[in-house]
>>> print(open('query.csv').read())   # CSV, C-alpha atoms
chain,number,residue,atom,x,y,z
A,792,MET,CA,68.2,-40.9,60.4
A,793,ARG,CA,66.5,-39.9,63.7
A,794,SER,CA,67.6,-43.2,65.4
A,795,MET,CA,71.2,-42.5,64.3
A,796,THR,CA,71.0,-39.0,65.8
A,797,TRP,CA,69.7,-40.3,69.1
A,798,GLY,CA,72.4,-43.0,69.1
A,799,THR,CA,75.0,-40.4,68.5
A,800,LEU,CA,73.7,-38.3,71.3
A,801,PHE,CA,73.7,-41.3,73.6
A,802,VAL,CA,77.4,-42.1,72.7
A,803,LEU,CA,78.4,-38.4,73.3
A,804,SER,CA,76.5,-38.4,76.6
A,805,LEU,CA,78.3,-41.6,77.7
A,806,ILE,CA,81.7,-40.1,76.7
A,807,TRP,CA,81.0,-36.9,78.6
A,808,SER,CA,79.9,-38.8,81.6
A,809,THR,CA,83.1,-40.9,81.6
A,810,ALA,CA,85.2,-37.8,81.3
A,811,ALA,CA,83.3,-36.0,84.0
A,812,THR,CA,83.7,-38.8,86.6
A,813,GLY,CA,87.5,-39.0,85.9
A,814,LYS,CA,89.7,-42.1,85.9
A,815,GLU,CA,90.1,-44.2,88.9
A,816,LEU,CA,93.8,-44.5,89.6
A,817,SER,CA,95.7,-47.3,91.3
A,818,PRO,CA,97.4,-46.5,94.6
A,819,ARG,CA,100.8,-46.5,92.8
A,820,GLU,CA,99.5,-44.0,90.3
A,821,ILE,CA,98.1,-41.8,93.0
A,822,TYR,CA,101.4,-41.9,94.9
A,823,GLU,CA,103.4,-41.0,91.8
A,824,GLN,CA,101.0,-38.1,91.0
A,825,ALA,CA,100.6,-36.6,94.5
A,826,SER,CA,103.7,-37.5,96.6
A,827,PRO,CA,106.1,-34.9,95.0
A,828,ALA,CA,103.8,-32.2,96.5
A,829,VAL,CA,103.7,-33.7,100.0
A,830,VAL,CA,106.3,-32.3,102.4
A,831,MET,CA,107.6,-33.0,105.9
A,832,VAL,CA,107.2,-30.1,108.4
A,833,MET,CA,109.4,-29.7,111.4
A,834,GLY,CA,109.0,-27.0,114.1
A,835,TYR,CA,111.3,-26.4,117.0
A,836,ALA,CA,112.3,-23.9,119.7
A,837,ASP,CA,114.7,-23.6,122.6
A,838,GLY,CA,117.7,-24.9,120.8
A,839,GLY,CA,115.8,-28.0,119.7
A,840,ARG,CA,114.8,-29.1,123.1
A,841,LYS,CA,111.1,-28.7,122.1
A,842,GLY,CA,109.6,-29.5,118.8
A,843,SER,CA,107.0,-31.3,116.7
A,844,GLY,CA,106.8,-32.9,113.3
A,845,GLY,CA,104.2,-33.6,110.7
A,846,THR,CA,103.2,-33.5,107.1
A,847,GLY,CA,101.9,-30.8,104.7
A,848,SER,CA,100.6,-30.4,101.2
A,849,ILE,CA,101.8,-27.8,98.7
A,850,ILE,CA,98.7,-26.1,97.4
A,851,GLN,CA,100.2,-23.3,95.3
A,852,SER,CA,103.3,-23.6,93.1
A,853,ASP,CA,104.9,-20.5,94.6
A,854,GLY,CA,105.3,-22.3,98.0
A,855,LEU,CA,102.1,-22.2,100.0
A,856,VAL,CA,101.7,-25.3,102.2
A,857,LEU,CA,98.6,-26.5,104.1
A,858,THR,CA,99.0,-28.4,107.3
A,859,ASN,CA,97.6,-28.8,110.8
A,860,ALA,CA,98.0,-25.9,113.3
A,861,HIS,CA,99.2,-28.3,116.0
A,862,VAL,CA,102.2,-29.2,113.8
A,863,VAL,CA,103.5,-25.6,113.8
A,864,ILE,CA,102.1,-24.0,117.0
A,865,GLU,CA,104.0,-24.5,120.2
A,866,GLU,CA,101.6,-26.0,122.8
A,867,GLN,CA,103.0,-24.0,125.8
A,868,THR,CA,102.9,-20.6,124.2
A,869,GLY,CA,100.1,-21.0,121.6
A,870,LYS,CA,102.3,-19.2,119.1
A,871,PRO,CA,104.2,-20.5,116.0
A,872,PHE,CA,107.5,-22.2,116.6
A,873,ALA,CA,110.5,-19.9,116.3
A,874,ARG,CA,112.0,-22.1,113.6
A,875,LEU,CA,110.1,-24.0,110.9
A,876,SER,CA,111.8,-26.3,108.4
A,877,VAL,CA,110.0,-27.9,105.5
A,878,PHE,CA,111.6,-30.8,103.5
A,879,LEU,CA,110.7,-31.4,99.9
A,880,LYS,CA,110.4,-35.0,98.6
A,881,PRO,CA,113.6,-36.4,97.0
A,882,THR,CA,113.5,-38.1,93.7
A,883,ARG,CA,113.8,-41.4,95.5
A,884,VAL,CA,113.2,-42.2,99.2
A,885,THR,CA,115.9,-44.4,100.4
A,886,GLY,CA,115.3,-44.7,104.2
A,887,GLU,CA,118.5,-42.7,104.9
A,888,SER,CA,117.5,-39.5,106.6
A,889,LYS,CA,120.6,-37.6,105.5
A,890,SER,CA,119.7,-38.0,101.8
A,891,ASP,CA,115.9,-38.1,102.1
A,892,LEU,CA,115.8,-34.8,104.0
A,893,SER,CA,118.5,-33.0,101.9
A,894,ARG,CA,116.0,-30.6,100.3
A,895,MET,CA,115.3,-28.3,103.2
A,896,VAL,CA,113.7,-24.8,103.0
A,897,ARG,CA,112.7,-22.5,105.8
A,898,ALA,CA,109.1,-21.5,106.2
A,899,LYS,CA,106.9,-19.1,108.2
A,900,VAL,CA,103.3,-19.3,109.3
A,901,VAL,CA,101.0,-17.0,107.3
A,902,ALA,CA,97.7,-17.8,109.2
A,903,TYR,CA,96.3,-20.5,111.5
A,904,SER,CA,93.1,-21.6,113.1
A,905,GLN,CA,93.4,-23.7,116.2
A,906,PRO,CA,89.7,-24.6,116.4
A,907,LEU,CA,89.9,-26.0,112.9
A,908,ASP,CA,93.5,-27.2,113.4
A,909,LEU,CA,94.6,-25.6,110.1
A,910,ALA,CA,97.7,-23.6,109.3
A,911,LEU,CA,99.0,-22.0,106.1
A,912,LEU,CA,102.8,-21.8,105.6
A,913,LYS,CA,104.9,-19.9,103.1
A,914,LEU,CA,108.2,-21.3,102.0
A,915,ASP,CA,111.1,-18.9,101.8
A,916,GLY,CA,113.2,-18.4,98.7
A,917,VAL,CA,111.2,-20.4,96.3
A,918,THR,CA,112.7,-19.8,92.8
A,919,GLU,CA,111.1,-22.6,90.8
A,920,SER,CA,107.5,-23.8,90.3
A,921,LEU,CA,106.7,-26.5,92.8
A,922,PRO,CA,104.3,-29.4,92.2
A,923,VAL,CA,100.9,-29.1,93.9
A,924,VAL,CA,98.3,-31.4,95.4
A,925,ASP,CA,95.0,-31.0,93.5
A,926,VAL,CA,92.1,-30.2,95.9
A,927,SER,CA,88.7,-31.7,95.3
A,928,GLU,CA,85.3,-31.0,96.7
A,929,SER,CA,84.8,-33.4,99.7
A,930,GLY,CA,81.1,-33.6,98.9
A,931,ARG,CA,81.9,-35.9,96.0
A,932,ALA,CA,83.2,-38.5,98.4
A,933,SER,CA,80.9,-41.0,100.2
A,934,ILE,CA,81.2,-43.7,102.8
A,935,GLY,CA,82.8,-46.7,101.3
A,936,ASP,CA,84.9,-44.8,98.8
A,937,ARG,CA,88.6,-45.8,98.5
A,938,VAL,CA,91.1,-43.3,99.8
A,939,VAL,CA,94.9,-43.2,100.4
A,940,ALA,CA,97.1,-41.1,102.7
A,941,ILE,CA,100.7,-40.0,102.3
A,942,GLY,CA,102.8,-38.9,105.3
A,943,HIS,CA,105.6,-39.6,107.8
A,944,PRO,CA,104.2,-42.0,110.4
A,945,GLU,CA,106.0,-42.7,113.6
A,946,GLN,CA,108.3,-45.8,113.3
A,947,GLY,CA,107.5,-45.9,109.6
A,948,GLY,CA,109.1,-44.5,106.5
A,949,LEU,CA,109.2,-41.0,105.2
A,950,TRP,CA,106.6,-40.4,102.5
A,951,THR,CA,104.7,-43.5,103.5
A,952,LEU,CA,101.6,-44.6,101.5
A,953,THR,CA,98.6,-46.2,103.3
A,954,THR,CA,95.2,-47.2,101.9
A,955,GLY,CA,91.7,-47.7,103.1
A,956,VAL,CA,88.1,-46.4,102.7
A,957,ILE,CA,85.9,-43.6,104.2
A,958,SER,CA,84.2,-45.2,107.2
A,959,ALA,CA,81.9,-42.5,108.4
A,960,GLU,CA,81.2,-38.7,108.4
A,961,VAL,CA,81.1,-36.6,111.6
A,962,ASP,CA,79.8,-33.0,111.8
A,963,ASN,CA,81.0,-30.5,114.4
A,964,PHE,CA,83.9,-32.7,115.4
A,965,ASN,CA,84.9,-32.4,119.1
A,966,GLY,CA,82.1,-29.8,119.6
A,967,VAL,CA,83.6,-27.3,117.2
A,968,LYS,CA,80.8,-25.9,115.0
A,969,GLY,CA,81.6,-26.2,111.3
A,970,LYS,CA,84.4,-28.7,111.8
A,971,GLN,CA,83.3,-31.5,109.4
A,972,VAL,CA,85.4,-34.6,109.2
A,973,PHE,CA,85.7,-38.0,107.5
A,974,GLN,CA,86.4,-41.0,109.7
A,975,THR,CA,88.6,-43.5,107.9
A,976,GLU,CA,90.4,-46.8,108.7
A,977,THR,CA,93.3,-45.8,106.5
A,978,GLY,CA,96.5,-46.3,108.5
A,979,LEU,CA,97.4,-43.0,110.2
A,980,ASN,CA,99.9,-42.4,113.0
A,981,ARG,CA,101.7,-39.6,114.7
A,982,GLY,CA,103.6,-37.8,111.9
A,983,ASN,CA,100.7,-38.0,109.4
A,984,SER,CA,99.3,-34.8,110.9
A,985,GLY,CA,98.5,-32.2,108.2
A,986,GLY,CA,99.0,-34.7,105.3
A,987,PRO,CA,96.5,-35.3,102.5
A,988,LEU,CA,93.7,-37.8,102.4
A,989,LEU,CA,93.3,-38.5,98.6
A,990,ASP,CA,90.4,-39.9,96.6
A,991,GLY,CA,90.6,-42.4,93.8
A,992,GLU,CA,91.6,-39.7,91.3
A,993,GLY,CA,94.5,-38.6,93.5
A,994,ARG,CA,92.9,-35.4,94.6
A,995,MET,CA,92.8,-34.2,98.2
A,996,ILE,CA,89.5,-34.5,100.0
A,997,GLY,CA,90.7,-34.2,103.5
A,998,VAL,CA,93.5,-33.0,105.9
A,999,ASN,CA,94.5,-35.8,108.2
A,1000,THR,CA,94.0,-34.5,111.8
A,1001,ALA,CA,93.5,-37.0,114.6
A,1002,ILE,CA,93.4,-40.6,115.7
A,1003,ALA,CA,91.6,-42.6,118.4
A,1004,ARG,CA,93.8,-45.3,119.9
A,1005,VAL,CA,92.6,-45.9,123.5
A,1006,ALA,CA,89.1,-45.9,124.9
A,1007,SER,CA,88.1,-44.3,128.2
A,1008,ASP,CA,88.4,-47.7,129.9
A,1009,GLY,CA,91.9,-48.3,128.6
A,1010,LEU,CA,91.0,-50.8,125.8
A,1011,PRO,CA,92.8,-50.3,122.6
A,1012,ILE,CA,91.0,-48.8,119.6
A,1013,MET,CA,92.1,-49.8,116.1
A,1014,SER,CA,91.5,-48.2,112.7
A,1015,ILE,CA,89.7,-45.0,113.9
A,1016,SER,CA,91.2,-41.9,112.3
A,1017,PHE,CA,89.8,-38.5,111.3
A,1018,SER,CA,90.5,-36.2,108.4
A,1019,LEU,CA,89.1,-32.6,108.1
A,1020,LYS,CA,87.0,-32.3,105.0
A,1021,SER,CA,88.6,-30.3,102.1
A,1022,SER,CA,85.4,-28.2,101.8
A,1023,VAL,CA,86.1,-26.8,105.3
A,1024,ALA,CA,89.8,-26.2,104.4
A,1025,THR,CA,89.0,-24.4,101.1
A,1026,GLN,CA,86.5,-22.2,102.8
A,1027,TRP,CA,89.1,-21.2,105.5
A,1028,LEU,CA,91.7,-20.6,102.8
A,1029,ARG,CA,89.3,-18.3,100.9
A,1030,GLU,CA,88.9,-16.3,104.1
A,1031,GLN,CA,92.7,-15.9,103.9
A,1032,GLY,CA,92.5,-14.7,100.3
A,1033,VAL,CA,94.0,-18.0,99.0
A,1034,GLY,CA,92.5,-20.0,96.2
A,1035,VAL,CA,93.1,-23.7,95.4
A,1036,GLU,CA,91.8,-26.0,92.7
A,1037,GLY,CA,88.4,-27.4,93.3
A,1038,GLN,CA,85.3,-26.0,94.8
A,1039,GLY,CA,84.9,-25.5,98.5
A,1040,GLY,CA,81.8,-25.4,100.7
A,1041,GLY,CA,80.8,-25.4,104.3
A,1042,LYS,CA,80.9,-22.6,106.9
A,1043,GLY,CA,83.9,-21.0,108.5
A,1044,VAL,CA,84.4,-20.7,112.2
A,1045,ARG,CA,85.8,-18.0,114.4
A,1046,GLY,CA,89.3,-18.3,115.8
A,1047,ILE,CA,91.5,-17.6,112.7
A,1048,ASN,CA,94.8,-15.8,113.5
A,1049,ARG,CA,96.7,-14.0,110.8
A,1050,ILE,CA,100.3,-13.5,111.7
A,1051,ASP,CA,100.4,-10.0,110.2
A,1052,GLN,CA,97.3,-8.8,112.2
A,1053,ILE,CA,97.5,-10.4,115.6
A,1054,ASP,CA,99.1,-8.9,118.7
A,1055,GLN,CA,102.0,-11.3,119.4
A,1056,SER,CA,102.2,-10.1,123.0
A,1057,ALA,CA,98.5,-10.9,123.8
A,1058,PRO,CA,97.7,-14.2,125.5
A,1059,SER,CA,96.1,-16.8,123.2
A,1060,VAL,CA,92.5,-17.4,124.1
A,1061,GLN,CA,91.0,-20.6,122.9
A,1062,PRO,CA,87.4,-21.7,122.8
A,1063,GLN,CA,86.2,-24.2,125.5
A,1064,VAL,CA,85.0,-27.3,123.8
A,1065,LYS,CA,83.8,-30.6,125.4
A,1066,PRO,CA,85.9,-33.6,124.4
A,1067,VAL,CA,84.1,-36.6,122.9
A,1068,GLN,CA,84.5,-40.2,124.0
A,1069,PRO,CA,86.6,-42.0,123.1
A,1070,PRO,CA,89.3,-39.3,123.2
A,1071,GLN,CA,91.2,-38.4,120.1
A,1072,SER,CA,94.9,-37.5,119.9
A,1073,ASP,CA,96.5,-35.5,117.3
A,1074,LEU,CA,99.0,-37.0,114.9
A,1075,THR,CA,102.0,-34.9,115.7
A,1076,PHE,CA,105.4,-36.0,117.0
A,1077,LYS,CA,106.1,-34.1,120.2
A,1078,PRO,CA,109.5,-35.4,121.3
A,1079,THR,CA,111.0,-34.7,124.7
A,1080,MET,CA,114.8,-34.6,125.0
A,1081,LYS,CA,114.6,-36.1,128.5
A,1082,PRO,CA,116.1,-39.6,129.0
A,1083,GLU,CA,113.4,-42.2,129.2
A,1084,VAL,CA,113.3,-45.9,129.7
A,1085,VAL,CA,112.1,-47.3,126.4
A,1086,GLN,CA,111.0,-50.9,125.8
A,1087,PRO,CA,112.8,-52.7,122.9
A,1088,GLY,CA,110.9,-52.2,119.7
A,1089,PRO,CA,111.5,-52.3,115.9
A,1090,ALA,CA,114.2,-50.0,114.5
A,1091,ARG,CA,113.0,-46.6,113.3
A,1092,PRO,CA,114.0,-45.5,109.8
A,1093,TYR,CA,114.4,-42.0,111.3
A,1094,ASN,CA,114.4,-40.4,114.8
A,1095,LEU,CA,112.6,-37.1,115.1
A,1096,ASP,CA,114.4,-36.2,118.3
A,1097,GLU,CA,117.7,-36.4,116.6
A,1098,LEU,CA,116.5,-34.6,113.5
A,1099,ILE,CA,115.3,-31.6,115.5
A,1100,SER,CA,118.4,-31.5,117.6
A,1101,ASP,CA,120.7,-31.7,114.5
A,1102,ARG,CA,118.6,-29.1,112.7
A,1103,ALA,CA,118.7,-26.7,115.6
A,1104,LYS,CA,122.5,-27.1,115.9
A,1105,ALA,CA,122.9,-26.4,112.2
A,1106,GLU,CA,120.8,-23.3,112.5
A,1107,ALA,CA,122.8,-22.1,115.5
A,1108,ASP,CA,126.1,-22.7,113.7
A,1109,LEU,CA,124.9,-20.8,110.7
A,1110,ASP,CA,123.7,-17.9,112.8
A,1111,SER,CA,127.0,-17.8,114.6
A,1112,MET,CA,128.9,-17.8,111.3
A,1113,MET,CA,126.8,-14.9,109.9
A,1114,SER,CA,127.3,-12.9,113.1
A,1115,GLU,CA,131.0,-13.4,112.9
A,1116,MET,CA,131.1,-12.3,109.2
A,1117,ARG,CA,129.1,-9.2,110.0
A,1118,GLY,CA,131.5,-8.3,112.8
A,1119,ARG,CA,134.5,-8.7,110.5
A,1120,MET,CA,132.9,-6.5,107.8
A,1121,LYS,CA,132.2,-3.8,110.4
A,1122,GLY,CA,135.8,-3.9,111.6
A,1123,ARG,CA,137.2,-3.1,108.1
>>> encode(input="query.csv", output="structure tokens")
Amino acid sequence: MRSMTWGTLFVLSLIWSTAATGKELSPREIYEQASPAVVMVMGYADGGRKGSGGTGSIIQSDGLVLTNAHVVIEEQTGKPFARLSVFLKPTRVTGESKSDLSRMVRAKVVAYSQPLDLALLKLDGVTESLPVVDVSESGRASIGDRVVAIGHPEQGGLWTLTTGVISAEVDNFNGVKGKQVFQTETGLNRGNSGGPLLDGEGRMIGVNTAIARVASDGLPIMSISFSLKSSVATQWLREQGVGVEGQGGGKGVRGINRIDQIDQSAPSVQPQVKPVQPPQSDLTFKPTMKPEVVQPGPARPYNLDELISDRAKAEADLDSMMSEMRGRMKGR
């Protein structure tokens, strides 16, 4: 009787352990689970002549999106872009930008931290419950663990899936205290900025942030990318009064700007940090509308320059139409 009891306890313990560790999903299952909560983020100003693009993750069903600060903050002014558009994933990605980017909603920046390279967006006019990316404790992940990323890489497809492993861990990245990152060889390129790095259970353990592509002597660097740990992101979000699934850890850093509290007329003062070698570049598209001589290359499924220009024109046409309608109503 006693041996049966211990046997039963052993079986129950084994079942509990299996449930606690969770099921390891295939890349396809992870994509199907997480991609509906991954968005494309586009910011632009000056009639579309300046802009940037990247990726974001919906972390609350009422329309809160986590992304990188450099995706939504204009480099020249240090302030959020005047216009922010967020595109929700279609049922099926076809490679045709007109249909793939048909689910557009406007957004505004709620808070951002340039030292951590994080920004929190709020989608306007959300009337339905949106899918969310589950956030996990990054401390559960270790070097060698399999990870995947979802984003919109330059010269790639929208909502692209790439796979790899965690290669290393780096504390105080680029000299910023409390900025803990994973290094990964998962394929990341410009346009992946702000997108999720997901573990084998399809939960976000990092925010894809930077890549290293060229060494100080000009030699190319391959498969060196960086993702801010989710524990840093969740700690920062808690400081904004925002909760996400999963437990966060780590220490916050100064430099957080809340849009409802900062003086928009004050100059932006950023901390001085020493760059590390080799240099890292962010993952954001920063198109210029100036004509350039471009070497022949593979066709791009989408062109961000054209998307920003078209989006800005559509916004201008809408504003003009609304102004005309208001003028007619006043003349009655």
>>> atom_distance(input="query.csv", atom1="CA of Gly845 in chain A", atom2="CA of Arg981 in chain A")
7.6 Å
>>> residues_around(input="query.csv", residues="Val830 in chain A", least_positions_apart="3", cutoff="9 Å", atoms="only C-alpha atoms", output="MDAnalysis selection string")
chainID A and resid 826:827 845:849 856 877:880 942 950 986
>>> write_last_selection(input="query.csv", atoms="C-alpha atoms", output="PDB file, in the frame of the given file")
ATOM      1  CA  SER A 826     103.700 -37.500  96.600  1.00  0.00           C
ATOM      2  CA  PRO A 827     106.100 -34.900  95.000  1.00  0.00           C
ATOM      3  CA  GLY A 845     104.200 -33.600 110.700  1.00  0.00           C
ATOM      4  CA  THR A 846     103.200 -33.500 107.100  1.00  0.00           C
ATOM      5  CA  GLY A 847     101.900 -30.800 104.700  1.00  0.00           C
ATOM      6  CA  SER A 848     100.600 -30.400 101.200  1.00  0.00           C
ATOM      7  CA  ILE A 849     101.800 -27.800  98.700  1.00  0.00           C
ATOM      8  CA  VAL A 856     101.700 -25.300 102.200  1.00  0.00           C
ATOM      9  CA  VAL A 877     110.000 -27.900 105.500  1.00  0.00           C
ATOM     10  CA  PHE A 878     111.600 -30.800 103.500  1.00  0.00           C
ATOM     11  CA  LEU A 879     110.700 -31.400  99.900  1.00  0.00           C
ATOM     12  CA  LYS A 880     110.400 -35.000  98.600  1.00  0.00           C
ATOM     13  CA  GLY A 942     102.800 -38.900 105.300  1.00  0.00           C
ATOM     14  CA  TRP A 950     106.600 -40.400 102.500  1.00  0.00           C
ATOM     15  CA  GLY A 986      99.000 -34.700 105.300  1.00  0.00           C
TER      16      GLY A 986
END
>>> atom_distance(input="query.csv", atom1="CA of Asp925 in chain A", atom2="CA of Ala902 in chain A")
20.7 Å
>>> atom_distance(input="query.csv", atom1="CA of Glu815 in chain A", atom2="CA of Val939 in chain A")
12.5 Å
>>> closest_residue(input="query.csv", among="A:Val862, A:Glu976, A:Pro871, A:Gly985", to="Ile1012 in chain A", atoms="only C-alpha atoms")
A:Glu976
>>> closest_residue(input="query.csv", among="A:Thr885, A:Asn983, A:Ser927, A:Thr975", to="Val829 in chain A", atoms="only C-alpha atoms")
A:Asn983
>>> closest_residue(input="query.csv", among="A:Gln867, A:Ser1007, A:Ser1018, A:Ser876", to="Ala940 in chain A", atoms="all atoms listed in the file")
A:Ser1018
>>> residues_around(input="query.csv", residues="Gly1032 in chain A", least_positions_apart="6", cutoff="12 Å", atoms="only C-alpha atoms", output="ChimeraX atom specification")
/A:901-902,911,1025-1026,1049
>>> residues_around(input="query.csv", residues="Thr953 in chain A", least_positions_apart="4", cutoff="12 Å", atoms="only C-alpha atoms", output="mmCIF file with C-alpha atoms, in the coordinates of the input")
data_model
loop_
_atom_site.group_PDB
_atom_site.id
_atom_site.type_symbol
_atom_site.label_atom_id
_atom_site.label_comp_id
_atom_site.auth_asym_id
_atom_site.auth_seq_id
_atom_site.Cartn_x
_atom_site.Cartn_y
_atom_site.Cartn_z
ATOM 1 C CA PRO A 818 97.400 -46.500 94.600
ATOM 2 C CA ARG A 819 100.800 -46.500 92.800
ATOM 3 C CA ILE A 821 98.100 -41.800 93.000
ATOM 4 C CA TYR A 822 101.400 -41.900 94.900
ATOM 5 C CA ARG A 937 88.600 -45.800 98.500
ATOM 6 C CA VAL A 938 91.100 -43.300 99.800
ATOM 7 C CA VAL A 939 94.900 -43.200 100.400
ATOM 8 C CA ALA A 940 97.100 -41.100 102.700
ATOM 9 C CA ILE A 941 100.700 -40.000 102.300
ATOM 10 C CA GLY A 942 102.800 -38.900 105.300
ATOM 11 C CA HIS A 943 105.600 -39.600 107.800
ATOM 12 C CA PRO A 944 104.200 -42.000 110.400
ATOM 13 C CA GLY A 947 107.500 -45.900 109.600
ATOM 14 C CA GLY A 948 109.100 -44.500 106.500
ATOM 15 C CA LEU A 949 109.200 -41.000 105.200
ATOM 16 C CA THR A 975 88.600 -43.500 107.900
ATOM 17 C CA GLU A 976 90.400 -46.800 108.700
ATOM 18 C CA THR A 977 93.300 -45.800 106.500
ATOM 19 C CA GLY A 978 96.500 -46.300 108.500
ATOM 20 C CA LEU A 979 97.400 -43.000 110.200
ATOM 21 C CA ASN A 980 99.900 -42.400 113.000
ATOM 22 C CA ASN A 983 100.700 -38.000 109.400
ATOM 23 C CA GLY A 986 99.000 -34.700 105.300
ATOM 24 C CA PRO A 987 96.500 -35.300 102.500
ATOM 25 C CA LEU A 988 93.700 -37.800 102.400
ATOM 26 C CA LEU A 989 93.300 -38.500 98.600
ATOM 27 C CA SER A 1014 91.500 -48.200 112.700
#
>>> residues_near_point(input="query.csv", point="(107.0, -23.4, 98.4)", cutoff="8 Å", atoms="all atoms listed in the file", output="PyMOL selection string")
chain A and resi 849+851-856+913-917+921
>>> residues_around(input="query.csv", residues="Arg994 in chain A", least_positions_apart="2", cutoff="8 Å", atoms="only C-alpha atoms", output="ChimeraX atom specification")
/A:825,924-927,989-992,996
>>> closest_residue(input="query.csv", among="A:Leu892, A:Val900, A:Val972, A:Leu909", to="Trp1027 in chain A", atoms="all atoms listed in the file")
A:Leu909
>>> closest_residue(input="query.csv", among="A:Ser1016, A:Gln1031, A:Ser817, A:Asn859", to="Asp908 in chain A", atoms="only C-alpha atoms")
A:Asn859
>>> decode(input="query.csv", residues="range 1007-1019 of chain A", atoms="N, CA and C atoms", output="PDB file, in the first residue's frame")
ATOM      1  N   SER A1007      34.820  47.447 -36.885  1.00  0.00           N
ATOM      2  CA  SER A1007      35.501  48.734 -36.954  1.00  0.00           C
ATOM      3  C   SER A1007      36.486  48.818 -38.117  1.00  0.00           C
ATOM      4  N   ASP A1008      37.001  47.658 -38.577  1.00  0.00           N
ATOM      5  CA  ASP A1008      37.937  47.658 -39.705  1.00  0.00           C
ATOM      6  C   ASP A1008      37.235  47.437 -41.038  1.00  0.00           C
ATOM      7  N   GLY A1009      35.886  47.435 -41.005  1.00  0.00           N
ATOM      8  CA  GLY A1009      35.132  47.325 -42.240  1.00  0.00           C
ATOM      9  C   GLY A1009      34.752  45.913 -42.634  1.00  0.00           C
ATOM     10  N   LEU A1010      35.237  44.918 -41.918  1.00  0.00           N
ATOM     11  CA  LEU A1010      34.897  43.534 -42.239  1.00  0.00           C
ATOM     12  C   LEU A1010      33.436  43.255 -41.865  1.00  0.00           C
ATOM     13  N   PRO A1011      32.726  42.478 -42.678  1.00  0.00           N
ATOM     14  CA  PRO A1011      31.327  42.187 -42.378  1.00  0.00           C
ATOM     15  C   PRO A1011      31.176  41.264 -41.174  1.00  0.00           C
ATOM     16  N   ILE A1012      30.113  41.480 -40.430  1.00  0.00           N
ATOM     17  CA  ILE A1012      29.782  40.648 -39.271  1.00  0.00           C
ATOM     18  C   ILE A1012      28.458  39.963 -39.563  1.00  0.00           C
ATOM     19  N   MET A1013      28.394  38.683 -39.308  1.00  0.00           N
ATOM     20  CA  MET A1013      27.186  37.917 -39.600  1.00  0.00           C
ATOM     21  C   MET A1013      26.595  37.348 -38.315  1.00  0.00           C
ATOM     22  N   SER A1014      25.263  37.322 -38.272  1.00  0.00           N
ATOM     23  CA  SER A1014      24.510  36.608 -37.224  1.00  0.00           C
ATOM     24  C   SER A1014      24.765  37.135 -35.820  1.00  0.00           C
ATOM     25  N   ILE A1015      24.963  38.441 -35.676  1.00  0.00           N
ATOM     26  CA  ILE A1015      25.100  39.053 -34.358  1.00  0.00           C
ATOM     27  C   ILE A1015      23.973  40.076 -34.202  1.00  0.00           C
ATOM     28  N   SER A1016      22.964  39.724 -33.448  1.00  0.00           N
ATOM     29  CA  SER A1016      21.822  40.598 -33.220  1.00  0.00           C
ATOM     30  C   SER A1016      21.503  40.630 -31.730  1.00  0.00           C
ATOM     31  N   PHE A1017      20.769  41.645 -31.310  1.00  0.00           N
ATOM     32  CA  PHE A1017      20.525  41.840 -29.886  1.00  0.00           C
ATOM     33  C   PHE A1017      19.044  42.099 -29.610  1.00  0.00           C
ATOM     34  N   SER A1018      18.579  41.557 -28.490  1.00  0.00           N
ATOM     35  CA  SER A1018      17.187  41.679 -28.088  1.00  0.00           C
ATOM     36  C   SER A1018      17.119  42.037 -26.606  1.00  0.00           C
ATOM     37  N   LEU A1019      16.459  43.133 -26.286  1.00  0.00           N
ATOM     38  CA  LEU A1019      16.312  43.557 -24.895  1.00  0.00           C
ATOM     39  C   LEU A1019      15.491  42.526 -24.128  1.00  0.00           C
TER      40      LEU A1019
END
